[in-house]
file entry.txt (compact mmCIF, C-alpha atoms)
# COMPACT_ATOMS: atom_id res chain seq x y z
CA MET A 1 -53.58 -6.83 79.36
CA ILE A 2 -55.27 -3.43 79.56
CA ASP A 3 -58.44 -4.85 77.96
CA LYS A 4 -58.64 -7.58 80.62
CA LEU A 5 -58.15 -5.00 83.37
CA ASP A 6 -60.83 -2.76 81.85
CA GLN A 7 -63.22 -5.72 81.56
CA SER A 8 -62.57 -6.68 85.17
CA ASP A 9 -63.15 -3.07 86.27
CA THR A 10 -66.34 -2.89 84.23
CA ARG A 11 -67.64 -6.15 85.70
CA SER A 12 -66.84 -4.94 89.23
CA ALA A 13 -68.57 -1.60 88.60
CA ILE A 14 -71.63 -3.43 87.30
CA LEU A 15 -71.82 -5.62 90.39
CA VAL A 16 -71.34 -2.70 92.79
CA GLN A 17 -74.01 -0.59 91.09
CA ALA A 18 -76.41 -3.51 90.66
CA ARG A 19 -76.09 -4.39 94.32
CA GLU A 20 -77.11 -0.86 95.29
CA LEU A 21 -80.06 -0.99 92.91
CA PHE A 22 -81.23 -4.38 94.17
CA LEU A 23 -80.96 -3.12 97.75
CA THR A 24 -82.84 0.12 97.09
CA LEU A 25 -85.35 -0.84 94.38
CA GLY A 26 -85.66 -4.56 95.02
CA TYR A 27 -85.09 -7.34 92.54
CA HIS A 28 -88.24 -6.94 90.46
CA LYS A 29 -88.02 -3.15 90.00
CA THR A 30 -84.37 -3.26 88.98
CA THR A 31 -83.83 -3.57 85.24
CA MET A 32 -80.82 -4.29 83.11
CA ARG A 33 -81.15 -0.76 81.73
CA ASN A 34 -81.06 0.65 85.31
CA ILE A 35 -77.93 -1.37 86.01
CA ALA A 36 -76.19 -0.21 82.83
CA GLU A 37 -77.03 3.43 83.49
CA ALA A 38 -75.84 3.24 87.10
CA ALA A 39 -72.58 1.61 85.97
CA GLY A 40 -72.08 4.30 83.33
CA ILE A 41 -72.20 1.90 80.39
CA SER A 42 -74.63 0.97 77.65
CA THR A 43 -76.56 -2.27 77.79
CA GLY A 44 -74.21 -3.91 75.24
CA PRO A 45 -71.26 -4.21 77.64
CA LEU A 46 -73.66 -5.24 80.39
CA TYR A 47 -74.91 -8.16 78.31
CA PHE A 48 -71.29 -8.99 77.41
CA HIS A 49 -70.66 -9.67 81.11
CA PHE A 50 -74.03 -11.02 82.22
CA ARG A 51 -76.75 -12.93 80.40
CA ASP A 52 -79.61 -11.43 82.41
CA LYS A 53 -80.65 -9.80 85.67
CA ALA A 54 -80.85 -13.16 87.48
CA GLU A 55 -77.20 -13.81 86.64
CA VAL A 56 -76.16 -10.38 87.97
CA PHE A 57 -78.13 -11.09 91.14
CA PHE A 58 -76.51 -14.52 91.45
CA TYR A 59 -72.96 -13.12 91.26
CA ILE A 60 -73.65 -10.44 93.86
CA CYS A 61 -74.98 -13.03 96.28
CA SER A 62 -72.25 -15.49 95.33
CA GLU A 63 -69.65 -12.99 96.55
CA ALA A 64 -71.51 -12.80 99.86
CA PHE A 65 -71.52 -16.61 100.14
CA ASP A 66 -67.78 -16.56 99.41
CA ARG A 67 -67.19 -14.09 102.25
CA LEU A 68 -69.20 -16.22 104.66
CA GLY A 69 -67.42 -19.36 103.51
CA SER A 70 -64.07 -17.71 104.09
CA ASP A 71 -65.09 -16.77 107.63
CA PHE A 72 -66.46 -20.26 108.31
CA ARG A 73 -63.29 -21.96 107.00
CA ARG A 74 -61.02 -19.67 109.03
CA ILE A 75 -62.98 -20.35 112.21
CA SER A 76 -63.20 -24.09 111.55
CA HIS A 77 -59.38 -24.32 111.58
CA GLU A 78 -58.91 -22.53 114.89
CA GLU A 79 -57.55 -24.43 117.88
CA GLU A 80 -60.64 -24.07 120.09
CA ALA A 81 -62.99 -26.86 121.08
CA ALA A 82 -65.57 -27.79 118.47
CA SER A 83 -68.42 -26.28 120.47
CA GLU A 84 -66.58 -22.94 120.62
CA ARG A 85 -65.87 -23.03 116.88
CA LEU A 86 -69.55 -23.74 116.16
CA ARG A 87 -70.46 -20.82 118.38
CA SER A 88 -67.95 -18.61 116.55
CA ILE A 89 -69.38 -19.71 113.20
CA PHE A 90 -72.85 -18.76 114.40
CA LEU A 91 -71.53 -15.39 115.59
CA ALA A 92 -69.82 -14.81 112.23
CA TYR A 93 -73.11 -15.55 110.48
CA LYS A 94 -74.94 -13.19 112.84
CA ALA A 95 -72.27 -10.50 112.39
CA PHE A 96 -72.70 -10.75 108.62
CA TYR A 97 -76.45 -10.29 109.08
CA ASP A 98 -75.89 -7.33 111.43
CA ARG A 99 -73.50 -5.66 108.94
CA GLU A 100 -75.46 -6.47 105.79
CA PRO A 101 -79.11 -7.27 106.62
CA GLN A 102 -80.36 -6.41 103.14
CA LEU A 103 -77.66 -8.44 101.42
CA PHE A 104 -78.39 -11.30 103.80
CA ALA A 105 -82.05 -11.12 102.77
CA MET A 106 -81.04 -11.03 99.10
CA MET A 107 -78.96 -14.18 99.52
CA HIS A 108 -81.97 -16.05 100.81
CA LEU A 109 -84.45 -14.53 98.38
CA ALA A 110 -83.29 -16.66 95.46
CA THR A 111 -84.07 -19.85 97.36
CA ASP A 112 -87.66 -18.73 97.94
CA PRO A 113 -89.82 -20.20 95.17
CA MET A 114 -92.37 -17.44 95.73
CA SER A 115 -89.84 -14.68 94.97
CA GLY A 116 -90.17 -15.05 91.21
CA ILE A 117 -86.44 -14.78 90.63
CA GLY A 118 -86.18 -18.13 88.89
CA LEU A 119 -82.45 -18.63 88.55
CA PRO A 120 -81.50 -20.75 85.53
CA GLU A 121 -80.79 -24.36 86.51
CA PRO A 122 -76.96 -24.16 86.48
CA LEU A 123 -77.03 -21.07 88.71
CA ALA A 124 -79.68 -22.57 91.00
CA GLU A 125 -77.48 -25.66 91.39
CA ALA A 126 -74.41 -23.52 92.08
CA TRP A 127 -76.43 -21.58 94.66
CA LEU A 128 -77.42 -24.80 96.39
CA GLN A 129 -73.79 -25.95 96.38
CA GLN A 130 -72.65 -22.69 97.99
CA GLY A 131 -75.13 -23.09 100.82
CA MET A 132 -74.22 -26.74 101.26
CA ALA A 133 -70.52 -25.82 101.41
CA LEU A 134 -71.27 -23.75 104.51
CA VAL A 135 -73.14 -26.69 106.03
CA LYS A 136 -70.24 -29.04 105.20
CA ILE A 137 -67.81 -26.80 107.06
CA MET A 138 -69.99 -27.01 110.17
CA GLU A 139 -70.41 -30.76 109.66
CA ALA A 140 -66.63 -31.22 109.64
CA VAL A 141 -66.31 -29.29 112.92
CA ILE A 142 -69.06 -31.47 114.44
CA ARG A 143 -67.38 -34.69 113.24
CA GLU A 144 -64.09 -33.56 114.73
CA GLY A 145 -65.81 -32.64 118.00
CA ILE A 146 -67.44 -36.06 118.19
CA SER A 147 -64.16 -37.85 117.47
CA ARG A 148 -62.46 -35.82 120.24
CA GLN A 149 -65.42 -36.59 122.52
CA GLU A 150 -66.13 -32.88 122.89
CA LEU A 151 -69.65 -33.31 121.48
CA TRP A 152 -72.34 -35.92 121.94
CA PRO A 153 -72.39 -38.55 119.19
CA VAL A 154 -75.15 -37.33 116.89
CA ASP A 155 -75.63 -37.35 113.13
CA PRO A 156 -73.20 -34.58 112.07
CA ALA A 157 -75.01 -33.88 108.79
CA LYS A 158 -78.40 -33.45 110.45
CA LEU A 159 -77.00 -31.27 113.22
CA ALA A 160 -75.13 -29.08 110.72
CA VAL A 161 -78.29 -28.58 108.62
CA TYR A 162 -80.26 -27.82 111.78
CA LEU A 163 -77.71 -25.26 113.01
CA TYR A 164 -77.54 -23.62 109.58
CA SER A 165 -81.34 -23.43 109.48
CA VAL A 166 -81.56 -21.97 112.96
CA ALA A 167 -78.89 -19.37 112.17
call {"tool": "encode", "arguments": {"input": "entry.txt", "output": "structure tokens"}}
result
Amino acid sequence: MIDKLDQSDTRSAILVQARELFLTLGYHKTTMRNIAEAAGISTGPLYFHFRDKAEVFFYICSEAFDRLGSDFRRISHEEEAASERLRSIFLAYKAFYDREPQLFAMMHLATDPMSGIGLPEPLAEAWLQQGMALVKIMEAVIREGISRQELWPVDPAKLAVYLYSVA
């Protein structure tokens, strides 16, 4: 049990330190050696937890997507009209940007083909699914609003993608 706790603590320390390095040095100037040194470990334990720098980057941003998803889901289940919930989702997205502008930029960096990050295919697919999960939450709110006649009858999927893009 202690080994699992230590491994979890080590993984968390790696992600915290790597996040700071990515935010201060940028993705390309951050190395696995930098991350290990900042976390107070050798590179061996670092590679035990993460295959490469892209995977570390992915998990940092994945946590951010999880936080946004949690906010979106909470708001989507509120009792307000659909238009108000969509507005609240937008405000939650904006509040995340206001609190964490660099992390917000990091989250969107991996989807930029010009960034040179090049996530491995399984991680790139997972990344896409995380973004689409946010869109699906908005789509569900739009569908509900249309069924309650609170919103004009439009294509919920297209409107959700548009709102996500605008945000």
call {"tool": "atom_distance", "arguments": {"input": "entry.txt", "atom1": "CA of Val141 in chain A", "atom2": "CA of Pro101 in chain A"}}
result
26.2 Å
call {"tool": "closest_residue", "arguments": {"input": "entry.txt", "among": "A:Leu128, A:Leu159, A:Met32, A:Val154", "to": "Arg51 in chain A", "atoms": "all atoms listed in the file"}}
result
A:Met32
call {"tool": "atom_distance", "arguments": {"input": "entry.txt", "atom1": "CA of His28 in chain A", "atom2": "CA of Ala167 in chain A"}}
result
26.7 Å
call {"tool": "closest_residue", "arguments": {"input": "entry.txt", "among": "A:Thr10, A:Asn34, A:Thr24, A:Gln130", "to": "Leu68 in chain A", "atoms": "only C-alpha atoms"}}
result
A:Gln130
call {"tool": "residues_around", "arguments": {"input": "entry.txt", "residues": "Leu109 in chain A", "least_positions_apart": "3", "cutoff": "12 Å", "atoms": "all atoms listed in the file", "output": "list in words"}}
result
Phe22, Leu23, Gly26, Tyr27, His28, Ala54, Phe57, Phe58, Cys61, Gln102, Leu103, Phe104, Ala105, Met106, Asp112, Pro113, Met114, Ser115, Gly116, Ile117, Gly118, Leu119, Ala124 and Trp127 of chain A
call {"tool": "atom_distance", "arguments": {"input": "entry.txt", "atom1": "CA of Ala82 in chain A", "atom2": "CA of Leu151 in chain A"}}
result
7.5 Å
call {"tool": "closest_residue", "arguments": {"input": "entry.txt", "among": "A:Phe65, A:Arg99, A:Arg87, A:Asp52", "to": "Gly131 in chain A", "atoms": "all atoms listed in the file"}}
result
A:Phe65
call {"tool": "closest_residue", "arguments": {"input": "entry.txt", "among": "A:Leu134, A:Leu163, A:Ala157, A:Leu25", "to": "Arg67 in chain A", "atoms": "all atoms listed in the file"}}
result
A:Leu134
call {"tool": "closest_residue", "arguments": {"input": "entry.txt", "among": "A:Lys94, A:Lys53, A:His108, A:Arg19", "to": "Arg33 in chain A", "atoms": "only C-alpha atoms"}}
result
A:Lys53
call {"tool": "closest_residue", "arguments": {"input": "entry.txt", "among": "A:Ile137, A:Leu91, A:Ile35, A:Ala160", "to": "Phe72 in chain A", "atoms": "all atoms listed in the file"}}
result
A:Ile137
call {"tool": "residues_around", "arguments": {"input": "entry.txt", "residues": "Glu139 in chain A", "least_positions_apart": "3", "cutoff": "12 Å", "atoms": "only C-alpha atoms", "output": "PyMOL selection string"}}
result
chain A and resi 72-73+76+82-83+85-86+89+132-136+142-146+154-164
call {"tool": "write_last_selection", "arguments": {"input": "entry.txt", "atoms": "C-alpha atoms", "output": "short mmCIF file (atom, residue, chain, number, x, y, z; two decimals), in the coordinates of the input"}}
result
data_model
loop_
_atom_site.label_atom_id
_atom_site.label_comp_id
_atom_site.auth_asym_id
_atom_site.auth_seq_id
_atom_site.Cartn_x
_atom_site.Cartn_y
_atom_site.Cartn_z
CA PHE A 72 -66.46 -20.26 108.31
CA ARG A 73 -63.29 -21.96 107.00
CA SER A 76 -63.20 -24.09 111.55
CA ALA A 82 -65.57 -27.79 118.47
CA SER A 83 -68.42 -26.28 120.47
CA ARG A 85 -65.87 -23.03 116.88
CA LEU A 86 -69.55 -23.74 116.16
CA ILE A 89 -69.38 -19.71 113.20
CA MET A 132 -74.22 -26.74 101.26
CA ALA A 133 -70.52 -25.82 101.41
CA LEU A 134 -71.27 -23.75 104.51
CA VAL A 135 -73.14 -26.69 106.03
CA LYS A 136 -70.24 -29.04 105.20
CA ILE A 142 -69.06 -31.47 114.44
CA ARG A 143 -67.38 -34.69 113.24
CA GLU A 144 -64.09 -33.56 114.73
CA GLY A 145 -65.81 -32.64 118.00
CA ILE A 146 -67.44 -36.06 118.19
CA VAL A 154 -75.15 -37.33 116.89
CA ASP A 155 -75.63 -37.35 113.13
CA PRO A 156 -73.20 -34.58 112.07
CA ALA A 157 -75.01 -33.88 108.79
CA LYS A 158 -78.40 -33.45 110.45
CA LEU A 159 -77.00 -31.27 113.22
CA ALA A 160 -75.13 -29.08 110.72
CA VAL A 161 -78.29 -28.58 108.62
CA TYR A 162 -80.26 -27.82 111.78
CA LEU A 163 -77.71 -25.26 113.01
CA TYR A 164 -77.54 -23.62 109.58
#
